[in-house]
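Asker: Sharing a structure below in structure tokens format, with a few things to ask.
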Amino acid sequence: MAIKVLHLIDSGGLYGAEKMLLTLVSEQIKQGLAPMILSAGEPEQPEKPLETEAKNLGLPVTPWRMKAGFNLMGAKDIFRWARSNGFQLLHSHGYKFNVLMGLWPESIRSLPLVTTLHGYIKAPRFTKSWLYESVDRFALNQMRAVVLVSETMRQQIPRAISESERVAVIPNGLDVDAVQLKAQCPLSETYLDFLEAHSPVVLAVGRLSPEKGFDRLIQAFSLVIEDYPNAGLIIIGEGAMRGQLERQAKEADLSSNLLLPGYSDQVPALMSKVDMLCMPSLTEGLPITLLEAMAVEVPILATNVGEIGQVLGRTGTHTSGGVVIPENDGAALLDGMKEVLSSLGAQKIAANWARDRVQSAYSSVSMARQYSAVYQQAIG
């Protein structure tokens, strides 16, 4: 009988964790499992981007609206609903359900719980996010299995858990054919007009939050245009830093060179048209955006955080699949952008290596099979 697994997520957009989940669910259906995405939100909240994309892909999704915050009774309603609908396993993606489900003893839940840790954001102490991260680490004790998307994440969780047999490392996987097909889709007029008006064009993708480093990217880009006055920067995403980034761009007189369009489902198509993907993150696990960029052969500049260096084949000071720089180093970011833009021919060779790498080592098929093994152990 197929394992019925309920994926739990409170999504803030359509970023790496959401794309990984959609890919995983699609592959699990092909491999004979019976997954369902439960997408949580606040009461009266309209359809979320994750829910829209799941429907577009024909994937099973249940929108679930509940009171925000530390809502343990709302979590109880979910696992009661899951039991009544025959689900055998809960799979959490993110702090919210790690905490809300993990604080209920399994003797009450009556359903085993596993989690995928997509990455911590290193929130400042005593903030709301820091509190959630702290409680999250405590809740990991209640998990039958803890999946890390990169080996480097072992350092971010308690040693007693990281060294236990309950921890598995499963790299994010990508349906390369699907991404390459999306890369051929037509772009909206907004993007076409911007691409026509600017060259070269740098792309960045992610939630507009401090750990993504977009403030440093804008600062570095303001110096890049001294050499490339017609250059353009597109930052795809939404978040609390939008106002700050807009003000920063205005103060640097970049308003005509910067596009902040919010969410977009056209990222692979954009990647295929720009000159470089830049990932100035302070922290990552194994970003889906990185794998997508490798699949469509766009030159890559990224910080050496999480699994990025390993994925791009970094050995010593050489990187086979792109340019990797230290995190939180504004000078290195500026130098890296100039290096990539001044050597696009050589970077295309690196991009070809990266395409072959993602096809051979980071497939969605392999990812889903490894999760199935974790599930069998968790329910056994």
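Going by the structure tokens order, chains are called A, B, ..., each with residues numbered from 1, while ligands are numbered from 1 in the order shown.
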May I have all residues of segment 1-249 of chain A that DSSP, computed from the backbone, assigns to alpha helix (DSSP H), given as number ranges by chain?

Answerer: A: 16-30, 49-56, 72-84, 95-102, 106-109, 128-139, 159-162, 176-182, 189-197, 214-224, 242-249

Asker: Counting only C-alpha atoms, give me one row per residue of segment 96-190 of chain A with an atom at most 10 Å from an atom of segment 352-373 of chain A, showing the shortest contact pair and its distance in Å to one decimal, sorted by chain then residue number, as CSV.

Answerer:
residue,atom,partner,partner_atom,distance
A:Thr116,CA,A:Tyr371,CA,9.9
A:Val147,CA,A:Tyr371,CA,8.6
A:Ala168,CA,A:Gln370,CA,9.1
A:Val169,CA,A:Gln370,CA,9.2
A:Ile170,CA,A:Met367,CA,6.5
A:Pro171,CA,A:Met367,CA,6.8
A:Asn172,CA,A:Met367,CA,6.5
A:Gly173,CA,A:Ser364,CA,4.2
A:Leu174,CA,A:Ser364,CA,4.7
A:Asp175,CA,A:Ser364,CA,5.3
A:Val176,CA,A:Gln359,CA,6.6
A:Asp177,CA,A:Gln359,CA,9.1

Asker: Extract, using only C-alpha atoms, all DNA, RNA and protein residues at most 7 Å from Leu187 of chain A, discarding same-chain residues fewer than 3 positions from it, and format them as a list in words.

Answerer: Tyr191, Leu192, Gln266 and Ala269 of chain A

Asker: Among segment 225-343 of chain A, which residues carry a DSSP assignment of strand (DSSP E), reported as a list in words?

Answerer: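 Matching residues for strand (DSSP E) in segment 225-343 of chain A are Gly232, Leu233, Ile234, Ile235, Ile236, Leu258, Leu259, Leu260, Pro261, Gly262, Met276, Leu277, Cys278, Met279, Ile300, Leu301, Ala302, Thr303, Arg314, Thr315, His318, Thr319, Val323, Val324 and Ile325 of chain A.
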
Asker: Would you pick out the contacts of Ser255 of chain A at 12 Å or less, using only C-alpha atoms, so that residues sharing its chain but fewer than 6 positions from it are not included, and give the list as a list of chain:residue names?

Answerer: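 So the residues in contact are A:Ile218, A:Ser222, A:Ala231, A:Gly232, A:Leu233, A:Ile234, A:Leu245, A:Glu246, A:Arg247, A:Gln248, A:Ala249.
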
Asker: Take the residues from that selection and write them out as a PDB file, in the first residue's frame, keeping C-alpha atoms.

Answerer:
ATOM      1  CA  ILE A 218      22.836  46.886  -4.473  1.00  0.00           C
ATOM      2  CA  SER A 222      26.167  50.896  -7.677  1.00  0.00           C
ATOM      3  CA  ALA A 231      23.841  47.535 -16.676  1.00  0.00           C
ATOM      4  CA  GLY A 232      20.636  46.311 -15.081  1.00  0.00           C
ATOM      5  CA  LEU A 233      19.849  44.464 -11.848  1.00  0.00           C
ATOM      6  CA  ILE A 234      16.692  42.395 -11.335  1.00  0.00           C
ATOM      7  CA  LEU A 245      16.104  48.319  -0.737  1.00  0.00           C
ATOM      8  CA  GLU A 246      14.018  50.804  -2.704  1.00  0.00           C
ATOM      9  CA  ARG A 247      15.350  53.688  -0.596  1.00  0.00           C
ATOM     10  CA  GLN A 248      18.906  52.428  -0.982  1.00  0.00           C
ATOM     11  CA  ALA A 249      18.524  52.262  -4.771  1.00  0.00           C
TER      12      ALA A 249
END

Asker: When you draw a straight line from atom CA of Gly239 of chain A to atom CA of Ala295 of chain A, how long is it in Å?

Answerer: 26.4 Å

Asker: Of the residues A:Pro43, A:Pro112, A:Pro287, A:Gly237, which is the one nearest to Ile379 of chain A, using only C-alpha atoms?

Answerer: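 Closest to Ile379 of chain A, using only C-alpha atoms: A:Pro112.
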
Asker: For atom CA of Val224 of chain A and atom CA of Leu301 of chain A, quote the distance in Å rounded to one decimal.

Answerer: 14.2 Å

Asker: Near Val305 of chain A, counting only C-alpha atoms, which residues have an atom at most 9 Å away, once you skip same-chain residues fewer than 2 positions from it, shown as a PyMOL selection string?

Answerer: chain A and resi 152+281-285+302-303+307-309+326-327

Asker: Which value, in Å to one decimal, gives the distance between atom CA of Ala2 of chain A and atom CA of Gly32 of chain A?

Answerer: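 Pair atom CA of Ala2 of chain A / atom CA of Gly32 of chain A returns 6.1 Å.
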
Asker: Using only C-alpha atoms, which residues sit within 8 Å of Asn230 of chain A once same-chain residues fewer than 5 positions away are excluded, as a PyMOL selection string?

Answerer: chain A and resi 197-200+225+257

Asker: Would you mind telling me which residue in A:Asp275, A:Ser26, A:Ile157, A:Leu117 lies nearest to Leu195 of chain A when using only C-alpha atoms?

Answerer: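 For Leu195 of chain A, the nearest of the given residues is A:Asp275.
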
Asker: For Leu38 of chain A, which residue out of A:Gly12, A:Leu21, A:His7, A:Ser134 is the nearest one, using only C-alpha atoms?

Answerer: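 For Leu38 of chain A, the nearest of the candidates is A:His7.
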
Asker: List the neighbours of Phe87 of chain A out to 6 Å using only C-alpha atoms; skip same-chain residues closer than 3 positions along the sequence, and give me the result as a list in words.

Answerer: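 With the cut-off at 6 Å, the set is Lys4, Val5, Ala82 and Arg83 of chain A.
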
Asker: Of the candidates A:Leu33, A:Leu208, A:Leu24, A:Ile9, which shows the shortest atom-to-atom distance to Trp64 of chain A, using only C-alpha atoms?

Answerer: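 Distance minimum relative to Trp64 of chain A lands on A:Ile9.
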